[in-house]
Amino acid sequence: MPVEFARERFGAELVLRTTRDALLPLMLLLRDSPALDFAQLMDVCGVDWPERPERFDVVYNLLSLTRNARVTVIVTTDEAQPVPSVAPIWSTATWFERETWDMYGVIFAGLADLRRLLTDYGFEGHPLRKDFPLSGFVELRYDAEAGRVVQEPVQLTQDFRSFDFMSPWEAMTTLPGDEKVHLNRIPPPEPVQTEGDKP
């Protein structure tokens, strides 16, 4: 049965785009085919495109040591549709898929250990989504009266400030110390008059 994928080249970079259903057969082909031998999964990460219906790209970076080659495999999904886990093919994928779920909220079907990895267990949301607020939803702080760490909604204590983004080098017309430059200059020598120059 043929494996479905689309192939793109970006310079020397080879990128394969596939569907969720074709992901595992394609990964097995890339790993087990002697002509390819992509034996190492180097990374699994995500990209968020909130304007698309399937907003997430799940990106797999594979390495073939025997062929000295790399390939990137990309599959798209949304918040609800799970992507099949490649952990049965490469055991290192467990860590990478947990990280992708934690940061983006991508669900991996068949991943036995879907827990938070980089954020705290009580963390709400997925911080690398582009619609995640920069200040977060809650903050943790130590409360001296309660004698423990408390979790509270984020309170922004500072109003919006207007920043001057002009470069300090463009804004400065003179540099510090320029006012003394004329003191250090040696005056030009007086012109020497010759016999022909005299009136």
# chains A, B, ... in the order shown; residues from 1 in each chain; ligands from 1
call {"tool": "residues_around", "arguments": {"residues": "range 9-18 of chain A", "least_positions_apart": "2", "cutoff": "9 Å", "atoms": "only C-alpha atoms", "output": "ChimeraX atom specification"}}
result
/A:3-7,20-23,26,70-76
call {"tool": "residues_around", "arguments": {"residues": "range 127-138 of chain A", "least_positions_apart": "2", "cutoff": "9 Å", "atoms": "only C-alpha atoms", "output": "MDAnalysis selection string"}}
result
chainID A and resid 46:50 102:105 119 123:125 140 151:156
call {"tool": "write_last_selection", "arguments": {"atoms": "N, CA and C atoms", "output": "PDB file, in the first residue's frame"}}
result
ATOM      1  N   GLY A  46       5.922  22.106  17.690  1.00  0.00           N
ATOM      2  CA  GLY A  46       4.681  22.605  17.120  1.00  0.00           C
ATOM      3  C   GLY A  46       4.828  24.003  16.575  1.00  0.00           C
ATOM      4  N   VAL A  47       3.892  24.356  15.699  1.00  0.00           N
ATOM      5  CA  VAL A  47       3.773  25.712  15.178  1.00  0.00           C
ATOM      6  C   VAL A  47       2.282  26.041  15.204  1.00  0.00           C
ATOM      7  N   ASP A  48       1.935  27.211  15.688  1.00  0.00           N
ATOM      8  CA  ASP A  48       0.538  27.611  15.807  1.00  0.00           C
ATOM      9  C   ASP A  48       0.185  28.606  14.705  1.00  0.00           C
ATOM     10  N   TRP A  49      -0.843  28.290  13.922  1.00  0.00           N
ATOM     11  CA  TRP A  49      -1.386  29.172  12.890  1.00  0.00           C
ATOM     12  C   TRP A  49      -2.863  29.381  13.231  1.00  0.00           C
ATOM     13  N   PRO A  50      -3.198  30.310  14.139  1.00  0.00           N
ATOM     14  CA  PRO A  50      -4.571  30.408  14.651  1.00  0.00           C
ATOM     15  C   PRO A  50      -5.630  30.733  13.601  1.00  0.00           C
ATOM     16  N   ASP A 102       2.121  20.066  26.238  1.00  0.00           N
ATOM     17  CA  ASP A 102       2.172  21.059  27.301  1.00  0.00           C
ATOM     18  C   ASP A 102       2.180  22.479  26.734  1.00  0.00           C
ATOM     19  N   MET A 103       2.961  22.721  25.697  1.00  0.00           N
ATOM     20  CA  MET A 103       3.113  24.066  25.153  1.00  0.00           C
ATOM     21  C   MET A 103       1.983  24.469  24.205  1.00  0.00           C
ATOM     22  N   TYR A 104       1.436  23.501  23.419  1.00  0.00           N
ATOM     23  CA  TYR A 104       0.448  23.830  22.395  1.00  0.00           C
ATOM     24  C   TYR A 104      -0.926  23.215  22.629  1.00  0.00           C
ATOM     25  N   GLY A 105      -1.000  22.127  23.401  1.00  0.00           N
ATOM     26  CA  GLY A 105      -2.278  21.453  23.601  1.00  0.00           C
ATOM     27  C   GLY A 105      -2.596  20.430  22.530  1.00  0.00           C
ATOM     28  N   THR A 119       5.509  23.177  32.402  1.00  0.00           N
ATOM     29  CA  THR A 119       4.713  24.037  33.264  1.00  0.00           C
ATOM     30  C   THR A 119       4.314  23.263  34.507  1.00  0.00           C
ATOM     31  N   PHE A 123      -1.155  24.383  36.066  1.00  0.00           N
ATOM     32  CA  PHE A 123      -1.118  25.445  35.057  1.00  0.00           C
ATOM     33  C   PHE A 123      -2.330  25.352  34.145  1.00  0.00           C
ATOM     34  N   GLU A 124      -2.899  26.503  33.794  1.00  0.00           N
ATOM     35  CA  GLU A 124      -4.050  26.561  32.898  1.00  0.00           C
ATOM     36  C   GLU A 124      -3.614  27.048  31.527  1.00  0.00           C
ATOM     37  N   GLY A 125      -4.015  26.333  30.495  1.00  0.00           N
ATOM     38  CA  GLY A 125      -3.729  26.748  29.131  1.00  0.00           C
ATOM     39  C   GLY A 125      -2.414  26.198  28.617  1.00  0.00           C
ATOM     40  N   LEU A 140       1.527  32.766  40.883  1.00  0.00           N
ATOM     41  CA  LEU A 140       1.837  32.170  42.176  1.00  0.00           C
ATOM     42  C   LEU A 140       2.718  33.134  42.946  1.00  0.00           C
ATOM     43  N   GLN A 151      -2.227  30.900  44.831  1.00  0.00           N
ATOM     44  CA  GLN A 151      -2.458  31.104  43.404  1.00  0.00           C
ATOM     45  C   GLN A 151      -3.594  32.109  43.254  1.00  0.00           C
ATOM     46  N   GLU A 152      -3.345  33.170  42.464  1.00  0.00           N
ATOM     47  CA  GLU A 152      -4.325  34.230  42.304  1.00  0.00           C
ATOM     48  C   GLU A 152      -4.446  34.614  40.837  1.00  0.00           C
ATOM     49  N   PRO A 153      -5.590  35.213  40.462  1.00  0.00           N
ATOM     50  CA  PRO A 153      -5.672  35.759  39.097  1.00  0.00           C
ATOM     51  C   PRO A 153      -4.637  36.870  38.917  1.00  0.00           C
ATOM     52  N   VAL A 154      -4.164  37.006  37.701  1.00  0.00           N
ATOM     53  CA  VAL A 154      -3.141  38.013  37.407  1.00  0.00           C
ATOM     54  C   VAL A 154      -3.730  39.404  37.607  1.00  0.00           C
ATOM     55  N   GLN A 155      -3.027  40.230  38.360  1.00  0.00           N
ATOM     56  CA  GLN A 155      -3.387  41.632  38.563  1.00  0.00           C
ATOM     57  C   GLN A 155      -2.265  42.478  37.981  1.00  0.00           C
ATOM     58  N   LEU A 156      -2.560  43.217  36.932  1.00  0.00           N
ATOM     59  CA  LEU A 156      -1.547  44.087  36.343  1.00  0.00           C
ATOM     60  C   LEU A 156      -1.547  45.401  37.107  1.00  0.00           C
TER      61      LEU A 156
END
call {"tool": "select_by_dssp", "arguments": {"residues": "range 49-140 of chain A", "states": "strand (DSSP E or B)", "output": "MDAnalysis selection string"}}
result
chainID A and resid 56:64 69:77 83:84 108:109 138:140
call {"tool": "select_by_dssp", "arguments": {"residues": "range 32-134 of chain A", "states": "helix (DSSP H, G or I)", "output": "list in words"}}
result
Asp32, Ala93, Thr94, Trp95, Phe96, Glu97, Arg98, Glu99, Thr100, Trp101, Asp102, Met103 and Tyr104 of chain A
call {"tool": "closest_residue", "arguments": {"among": "A:Thr77, A:Ser64, A:Gln193, A:Thr92", "to": "Asp32 in chain A", "atoms": "only C-alpha atoms"}}
result
A:Ser64
call {"tool": "atom_distance", "arguments": {"atom1": "CA of Asp43 in chain A", "atom2": "CA of Glu97 in chain A"}}
result
9.1 Å
call {"tool": "residues_around", "arguments": {"residues": "Pro84 in chain A", "least_positions_apart": "5", "cutoff": "7 Å", "atoms": "only C-alpha atoms", "output": "list in words"}}
result
Arg20, Phe108, Ala109 and Gly110 of chain A
call {"tool": "atom_distance", "arguments": {"atom1": "CA of Glu99 in chain A", "atom2": "CA of Arg116 in chain A"}}
result
7.5 Å
call {"tool": "closest_residue", "arguments": {"among": "A:Gly147, A:Glu79, A:Arg115, A:Asp120", "to": "Arg52 in chain A", "atoms": "only C-alpha atoms"}}
result
A:Glu79
